[in-house]
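Shown next: query-v4.cif, given as mmCIF, C-alpha atoms.
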data_my_file
loop_
_atom_site.label_atom_id
_atom_site.label_comp_id
_atom_site.auth_asym_id
_atom_site.auth_seq_id
_atom_site.Cartn_x
_atom_site.Cartn_y
_atom_site.Cartn_z
CA MET A 1 -0.90 18.84 63.11
CA GLU A 2 0.64 19.80 59.76
CA LEU A 3 3.84 18.03 60.82
CA GLU A 4 2.02 14.83 61.76
CA SER A 5 -0.02 14.72 58.54
CA ARG A 6 3.16 15.09 56.46
CA THR A 7 4.80 12.34 58.49
CA PHE A 8 1.74 10.10 58.07
CA GLU A 9 1.82 10.60 54.30
CA THR A 10 5.57 9.90 54.08
CA LEU A 11 5.24 6.69 56.09
CA GLN A 12 2.42 5.43 53.87
CA GLN A 13 4.42 6.25 50.75
CA ILE A 14 7.41 4.21 51.94
CA GLY A 15 5.14 1.19 52.44
CA ILE A 16 3.86 0.97 56.01
CA ARG A 17 0.45 -0.70 56.06
CA LYS A 18 -2.34 -1.67 58.42
CA GLY A 19 -1.45 -4.78 60.44
CA HIS A 20 2.33 -4.42 60.13
CA THR A 21 4.71 -5.04 63.00
CA VAL A 22 7.24 -2.19 62.98
CA LEU A 23 10.43 -1.51 64.92
CA ASP A 24 11.20 2.20 65.22
CA PHE A 25 14.90 1.95 66.07
CA GLY A 26 16.15 5.08 67.83
CA CYS A 27 12.61 6.43 68.06
CA GLY A 28 13.40 9.32 70.41
CA SER A 29 10.22 11.08 71.46
CA GLY A 30 8.16 9.41 68.74
CA THR A 31 8.13 11.77 65.75
CA TYR A 32 7.53 8.73 63.55
CA THR A 33 6.30 6.21 66.16
CA VAL A 34 2.87 7.75 66.81
CA PRO A 35 1.93 8.15 63.14
CA VAL A 36 3.16 4.59 62.44
CA ALA A 37 0.98 3.29 65.28
CA LYS A 38 -2.02 5.03 63.73
CA ILE A 39 -1.28 3.51 60.30
CA VAL A 40 -0.77 -0.09 61.51
CA GLY A 41 -3.90 0.12 63.65
CA GLU A 42 -5.05 -2.22 66.37
CA GLN A 43 -3.97 -5.31 64.43
CA GLY A 44 -0.44 -3.94 64.16
CA ARG A 45 2.27 -3.30 66.69
CA VAL A 46 5.06 -0.75 66.98
CA TYR A 47 8.18 -1.41 69.01
CA ALA A 48 9.66 1.91 70.11
CA LEU A 49 13.33 1.37 70.91
CA ASP A 50 15.62 4.04 72.32
CA LYS A 51 18.26 4.45 75.01
CA ASP A 52 16.84 7.80 76.22
CA LYS A 53 14.47 6.98 79.08
CA GLU A 54 13.01 10.50 79.20
CA ALA A 55 12.24 10.47 75.48
CA LEU A 56 10.51 7.08 75.88
CA ASP A 57 8.53 8.41 78.87
CA GLY A 58 7.35 11.33 76.74
CA LEU A 59 6.45 9.00 73.88
CA VAL A 60 4.38 6.75 76.16
CA GLN A 61 2.51 9.78 77.55
CA LYS A 62 1.87 11.09 74.02
CA ALA A 63 0.58 7.67 72.88
CA GLU A 64 -1.69 7.31 75.91
CA SER A 65 -3.08 10.82 75.43
CA VAL A 66 -4.31 9.89 71.94
CA GLY A 67 -5.52 6.43 72.96
CA LEU A 68 -2.87 4.32 71.23
CA LYS A 69 -2.38 0.92 72.81
CA ASN A 70 -0.25 -0.75 70.11
CA ILE A 71 3.13 0.80 71.01
CA LYS A 72 5.53 -1.28 73.08
CA ARG A 73 8.34 0.62 74.71
CA MET A 74 11.80 -0.96 74.49
CA LYS A 75 14.64 0.57 76.45
CA THR A 76 18.11 -0.42 75.40
CA SER A 77 21.40 -0.20 77.18
CA GLY A 78 23.02 0.79 73.91
CA LYS A 79 24.23 -2.75 73.20
CA LEU A 80 23.75 -3.89 69.63
CA GLU A 81 21.14 -6.48 70.49
CA ILE A 82 17.44 -6.16 69.72
CA ASP A 83 15.19 -8.07 72.10
CA LEU A 84 12.84 -9.43 69.44
CA ALA A 85 12.42 -12.91 67.96
CA ASP A 86 13.95 -13.95 64.65
CA GLU A 87 11.83 -12.99 61.63
CA SER A 88 9.23 -11.16 63.73
CA VAL A 89 9.07 -7.69 62.12
CA ASP A 90 7.57 -6.41 58.84
CA VAL A 91 9.32 -3.02 58.81
CA VAL A 92 12.35 -1.56 60.57
CA LEU A 93 12.69 2.22 60.62
CA ILE A 94 16.18 3.68 61.00
CA LEU A 95 15.47 7.33 60.39
CA ASP A 96 18.41 9.67 61.03
CA VAL A 97 20.09 7.06 63.25
CA PHE A 98 22.35 5.09 60.90
CA HIS A 99 25.44 7.30 61.01
CA SER A 100 28.79 7.76 62.68
CA TYR A 101 27.52 9.97 65.52
CA TYR A 102 25.60 7.05 67.07
CA PHE A 103 27.74 4.28 65.58
CA PRO A 104 31.28 5.64 65.06
CA GLN A 105 32.75 2.27 64.05
CA ALA A 106 31.76 0.61 60.77
CA ASN A 107 31.77 -2.80 62.50
CA ASP A 108 29.17 -1.49 65.01
CA ARG A 109 26.94 -0.42 62.13
CA ARG A 110 27.46 -3.87 60.60
CA ARG A 111 26.48 -5.59 63.88
CA LEU A 112 23.34 -3.44 63.96
CA LEU A 113 22.51 -4.45 60.38
CA ASP A 114 23.06 -8.12 61.27
CA GLU A 115 20.57 -7.79 64.15
CA ILE A 116 18.06 -6.04 61.91
CA TYR A 117 18.47 -8.79 59.30
CA ARG A 118 17.82 -11.40 62.00
CA ILE A 119 14.51 -9.88 63.19
CA MET A 120 13.13 -9.11 59.71
CA LYS A 121 10.55 -11.43 58.18
CA PRO A 122 11.55 -12.71 54.70
CA THR A 123 9.17 -10.17 53.10
CA ALA A 124 10.14 -7.27 55.39
CA PHE A 125 11.95 -4.07 54.51
CA VAL A 126 14.20 -1.69 56.40
CA ALA A 127 13.65 2.02 55.72
CA VAL A 128 16.80 4.11 56.24
CA TRP A 129 17.16 7.87 56.21
CA PRO A 130 20.95 8.03 55.98
CA LYS A 131 21.24 11.64 57.07
CA HIS A 132 24.88 12.61 57.78
CA MET A 133 26.10 9.48 55.95
CA GLU A 134 24.46 9.68 52.55
CA SER A 135 27.54 8.66 50.56
CA GLU A 136 28.53 5.57 52.61
CA ALA A 137 25.23 4.16 53.88
CA LYS A 138 24.00 2.42 50.73
CA GLY A 139 27.22 0.46 50.24
CA GLU A 140 27.46 -0.53 53.90
CA ILE A 141 23.86 -1.75 53.95
CA GLU A 142 24.20 -3.65 50.68
CA SER A 143 27.38 -5.33 51.93
CA ALA A 144 25.31 -6.65 54.90
CA ASN A 145 23.23 -8.84 52.58
CA PHE A 146 20.49 -6.34 51.70
CA TYR A 147 19.48 -4.90 48.34
CA LEU A 148 17.98 -1.50 47.58
CA GLU A 149 14.34 -2.03 46.64
CA SER A 150 13.05 1.55 46.40
CA GLU A 151 13.79 5.17 47.24
CA TYR A 152 11.55 7.94 48.48
CA THR A 153 12.56 11.58 48.24
CA GLY A 154 10.47 14.18 50.00
CA VAL A 155 10.03 16.32 53.05
CA LEU A 156 11.22 14.63 56.23
CA ILE A 157 11.26 15.73 59.85
CA HIS A 158 14.53 16.29 61.63
CA ASP A 159 14.79 16.84 65.39
CA ASN A 160 10.99 16.75 65.81
CA HIS A 161 10.30 20.05 64.09
CA ASP A 162 12.53 20.89 61.15
CA HIS A 163 11.20 20.02 57.72
CA GLU A 164 13.86 19.25 55.18
CA LYS A 165 14.23 17.44 51.92
CA GLY A 166 15.66 14.00 52.42
CA GLN A 167 15.76 10.52 51.00
CA ILE A 168 14.55 7.28 52.54
CA LEU A 169 16.05 4.10 51.14
CA ASN A 170 14.07 0.85 51.45
CA PHE A 171 16.16 -2.31 51.58
CA LYS A 172 15.10 -5.94 51.58
CA LYS A 173 16.96 -9.11 52.49
CA ARG A 174 18.90 -10.81 49.70
#

If you convert what's in this file into structure tokens, what do you get?
Amino acid sequence: MELESRTFETLQQIGIRKGHTVLDFGCGSGTYTVPVAKIVGEQGRVYALDKDKEALDGLVQKAESVGLKNIKRMKTSGKLEIDLADESVDVVLILDVFHSYYFPQANDRRRLLDEIYRIMKPTAFVAVWPKHMESEAKGEIESANFYLESEYTGVLIHDNHDHEKGQILNFKKR
């Protein structure tokens, strides 16, 4: 419970609000998805996107067990296409996913950023925890027509259980 309350607090501090539509890109088993769903409430929606079917199955079971009905599961083949309409999302979370392990080529990361840009509403933000790529991430994201709006430094959750100090960067469309 301690872990979830810290996560809840972090997500509120970075700007997630009741009624938001959020894409949790690379959500895994839902470390951030479930708390986001609680924050956005019944008026909001969370798209949980991952290529790991078992992780998504576990996330759906976890959500159902706590009565959450505002999470929509999205399985991906790993292609850099997000099956959402243009300008349909208030917040995109890319927490410990934007790095060379998942996207070894810079042009793949750029294609991902282009897709994220496409689905973001004009007022939306993308929250990035650039773990493993701290030095390059900001420049790559800014070169994809985003600007850094704010930064949050605090305790983040890595691999569902490890607490560590990290930094989330919030970017908006130029």

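Put simply, the PyMOL selection byres ((chain A and resi 154-171) around 7) on this file hits Thr31, Phe125, Val126, Ala127, Val128, Trp129, Phe146, Tyr147, Leu148, Glu149, Ser150, Glu151, Tyr152, Thr153, Lys172 and Lys173 of chain A.
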
Keeping only C-alpha atoms, take the residues you just selected and write them out as a PDB file, in the coordinates of the input.
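As a result, out-v4.pdb now contains:
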ATOM      1  CA  THR A  31       8.130  11.770  65.750  1.00  0.00           C
ATOM      2  CA  PHE A 125      11.950  -4.070  54.510  1.00  0.00           C
ATOM      3  CA  VAL A 126      14.200  -1.690  56.400  1.00  0.00           C
ATOM      4  CA  ALA A 127      13.650   2.020  55.720  1.00  0.00           C
ATOM      5  CA  VAL A 128      16.800   4.110  56.240  1.00  0.00           C
ATOM      6  CA  TRP A 129      17.160   7.870  56.210  1.00  0.00           C
ATOM      7  CA  PHE A 146      20.490  -6.340  51.700  1.00  0.00           C
ATOM      8  CA  TYR A 147      19.480  -4.900  48.340  1.00  0.00           C
ATOM      9  CA  LEU A 148      17.980  -1.500  47.580  1.00  0.00           C
ATOM     10  CA  GLU A 149      14.340  -2.030  46.640  1.00  0.00           C
ATOM     11  CA  SER A 150      13.050   1.550  46.400  1.00  0.00           C
ATOM     12  CA  GLU A 151      13.790   5.170  47.240  1.00  0.00           C
ATOM     13  CA  TYR A 152      11.550   7.940  48.480  1.00  0.00           C
ATOM     14  CA  THR A 153      12.560  11.580  48.240  1.00  0.00           C
ATOM     15  CA  LYS A 172      15.100  -5.940  51.580  1.00  0.00           C
ATOM     16  CA  LYS A 173      16.960  -9.110  52.490  1.00  0.00           C
TER      17      LYS A 173
END

Exercise for the section: For each of A:Ala137, A:Met74, A:Val91, A:Leu80, take the minimum atom-to-atom distance to His20 in chain A, counting all atoms listed in the file, then give the residue where this is smallest. Expected result: A:Val91

Exercise for the section: Using all atoms listed in the file, find the one residue out of A:Pro35, A:Gly78, A:Gly41, A:Gly15 that sits nearest to Lys62 in chain A. Expected result: A:Pro35

Problem - Residue among A:Ala124, A:Leu93, A:Arg110, A:Val36 lying closest to Gly139 in chain A, counting only C-alpha atoms - result: A:Arg110

Exercise for the section: Can you give me, as a PyMOL selection string, the residues this file yields under the PyMOL selection byres ((chain A and resi 47-59) around 10)? Expected result: chain A and resi 21-34+37+45-46+60-65+70-79+82-84+89+92-93

Can those selected residues be exported to a file as a CSV table (one decimal), in the coordinates of the input so that it contains C-alpha atoms?
chain,number,residue,atom,x,y,z
A,21,THR,CA,4.7,-5.0,63.0
A,22,VAL,CA,7.2,-2.2,63.0
A,23,LEU,CA,10.4,-1.5,64.9
A,24,ASP,CA,11.2,2.2,65.2
A,25,PHE,CA,14.9,2.0,66.1
A,26,GLY,CA,16.2,5.1,67.8
A,27,CYS,CA,12.6,6.4,68.1
A,28,GLY,CA,13.4,9.3,70.4
A,29,SER,CA,10.2,11.1,71.5
A,30,GLY,CA,8.2,9.4,68.7
A,31,THR,CA,8.1,11.8,65.8
A,32,TYR,CA,7.5,8.7,63.6
A,33,THR,CA,6.3,6.2,66.2
A,34,VAL,CA,2.9,7.8,66.8
A,37,ALA,CA,1.0,3.3,65.3
A,45,ARG,CA,2.3,-3.3,66.7
A,46,VAL,CA,5.1,-0.8,67.0
A,60,VAL,CA,4.4,6.8,76.2
A,61,GLN,CA,2.5,9.8,77.6
A,62,LYS,CA,1.9,11.1,74.0
A,63,ALA,CA,0.6,7.7,72.9
A,64,GLU,CA,-1.7,7.3,75.9
A,65,SER,CA,-3.1,10.8,75.4
A,70,ASN,CA,-0.2,-0.8,70.1
A,71,ILE,CA,3.1,0.8,71.0
A,72,LYS,CA,5.5,-1.3,73.1
A,73,ARG,CA,8.3,0.6,74.7
A,74,MET,CA,11.8,-1.0,74.5
A,75,LYS,CA,14.6,0.6,76.4
A,76,THR,CA,18.1,-0.4,75.4
A,77,SER,CA,21.4,-0.2,77.2
A,78,GLY,CA,23.0,0.8,73.9
A,79,LYS,CA,24.2,-2.8,73.2
A,82,ILE,CA,17.4,-6.2,69.7
A,83,ASP,CA,15.2,-8.1,72.1
A,84,LEU,CA,12.8,-9.4,69.4
A,89,VAL,CA,9.1,-7.7,62.1
A,92,VAL,CA,12.4,-1.6,60.6
A,93,LEU,CA,12.7,2.2,60.6

Give me, as JSON lines, the closest atom pair and its distance (Å, one decimal) for every residue of range 112-173 of chain A within a cut-off of 6 Å of range 96-103 of chain A, counting all atoms listed in the file, rows sorted by chain and rising number.
{"residue": "A:Trp129", "atom": "CA", "partner": "A:Asp96", "partner_atom": "CA", "distance": 5.3}
{"residue": "A:Pro130", "atom": "CA", "partner": "A:Asp96", "partner_atom": "CA", "distance": 5.9}
{"residue": "A:Lys131", "atom": "CA", "partner": "A:Asp96", "partner_atom": "CA", "distance": 5.3}
{"residue": "A:Met133", "atom": "CA", "partner": "A:His99", "partner_atom": "CA", "distance": 5.5}

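Nearest to Pro122 in chain A of all the residues A:Ser88, A:Ala106, A:Glu142, A:Lys69 is A:Ser88, counting only C-alpha atoms.
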
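Of the residues listed (A:Leu113, A:Ile119, A:Ile141, A:Ile39), A:Ile39 shows the shortest atom-to-atom separation from Gln12 in chain A; distances use all atoms listed in the file.
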
Exercise for the section: Enter the distance from CA of Asn145 in chain A to CA of Arg109 in chain A, in Å, rounded to one decimal. Expected result: 13.3 Å
